[in-house]
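Only one structure is covered here, and it is reproduced in the block below.
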Amino acid sequence: MAHGIHAEAVERMSRWFEALLNTPSHHRGPRCTVDLNQPEALQRLARENPFHFAMIRRILAGVDTVPEHTVGRWMKAQFNATDVTYSPFPLTSDPPKKLLAFTLETTHYSALLSLTPDGARLVALRR
């Protein structure tokens with residue numbers, strides 16, 4: 001009998017409860033990951049998602065112009081990026097390298113950047 005009452009209560013609240021939980025903010029998990037260092041990744045992105053391509057170009061142009069500890073806030077404010085990680089690459093290198101990862105809408109992007117006097121550059125991977 002108690003089981004029937006519980007099932008009835010769940011059934012009564014299920015529509016409004018599902019509507020409350022079924023919002024875009026609860027479905028932000030990335031659907032795919034793009035490694036921006038892969039050969040031709042940017043060219044493919046320019047063809048398939050020009051909006052993300054334009055944002056990523058702006059991110060790469062500006063990421064080394066803001067203080068490192070504010071990169072996540074800057075990317076959230078300017079590009080609505082989530083899950084931002086910007087950290088030193090574990091190996092010592094010259095020029096120094098940083099790992100950058102972030103999510104735009106439902107796509108997660110990652111990149112190894114070389115910090116040069118001319119700005120942040122994607123590290124080219126060998127084929």
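Letters A, B, ... mark the chains of the structure tokens in the order given; residue numbers begin at 1 per chain; ligand numbers begin at 1, in order shown.
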
I'd like the contact shell of A:Ile56 - 10 Å cut-off, only C-alpha atoms, skipping same-chain residues fewer than 6 positions apart - returned as a PDB file with C-alpha atoms, in the first residue's frame.
```
ATOM      1  CA  LEU A  36      43.422  21.896 -31.559  1.00  0.00           C
ATOM      2  CA  LEU A  42      41.506  24.615 -37.157  1.00  0.00           C
ATOM      3  CA  LEU A  45      36.658  23.798 -37.414  1.00  0.00           C
ATOM      4  CA  PRO A  50      32.777  29.059 -38.027  1.00  0.00           C
ATOM      5  CA  GLY A  62      44.270  37.144 -26.096  1.00  0.00           C
ATOM      6  CA  PHE A  79      33.257  33.682 -24.655  1.00  0.00           C
ATOM      7  CA  LEU A 104      32.239  26.042 -25.746  1.00  0.00           C
ATOM      8  CA  TYR A 109      38.686  21.882 -26.795  1.00  0.00           C
TER       9      TYR A 109
END
```

Neighbouring residues of A:Pro96 were defined as those with any atom within 10 Å, considering only C-alpha atoms; residues of the same chain fewer than 2 positions away were excluded. Please report them as a list of chain:residue names.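 After dropping sequence-adjacent residues, the list is A:Pro88, A:Phe89, A:Leu91, A:Thr92, A:Ser93, A:Asp94, A:Lys98, A:Leu113, A:Ser114, A:Leu115, A:Thr116, A:Ala120.
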
Go ahead and write the residues just picked, C-alpha atoms, as an mmCIF file, in the first residue's frame.
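The result, written out as selection_1.cif:
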```cif
data_model
loop_
_atom_site.group_PDB
_atom_site.id
_atom_site.type_symbol
_atom_site.label_atom_id
_atom_site.label_comp_id
_atom_site.auth_asym_id
_atom_site.auth_seq_id
_atom_site.Cartn_x
_atom_site.Cartn_y
_atom_site.Cartn_z
ATOM 1 C CA PRO A 88 52.041 25.063 -17.247
ATOM 2 C CA PHE A 89 53.104 22.073 -19.291
ATOM 3 C CA LEU A 91 58.139 19.580 -18.898
ATOM 4 C CA THR A 92 60.576 22.482 -18.926
ATOM 5 C CA SER A 93 60.818 23.995 -22.380
ATOM 6 C CA ASP A 94 61.983 27.078 -24.193
ATOM 7 C CA LYS A 98 50.858 25.985 -21.369
ATOM 8 C CA LEU A 113 50.371 26.469 -26.505
ATOM 9 C CA SER A 114 53.878 27.789 -26.949
ATOM 10 C CA LEU A 115 54.298 31.221 -25.349
ATOM 11 C CA THR A 116 56.465 33.302 -27.652
ATOM 12 C CA ALA A 120 50.477 32.212 -27.748
#
```

Check the smallest atom-to-atom distance from each of A:Thr107, A:Gln43, A:Asn49, A:Thr33 to A:Ala81 using only C-alpha atoms, then report the winner.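 Closest to A:Ala81 of all the choices is A:Thr107.
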
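With distances taken over only C-alpha atoms, A:Cys32 is the one residue among A:Cys32, A:Ala124, A:Ala54, A:Ala61 lying closest to A:Thr106.
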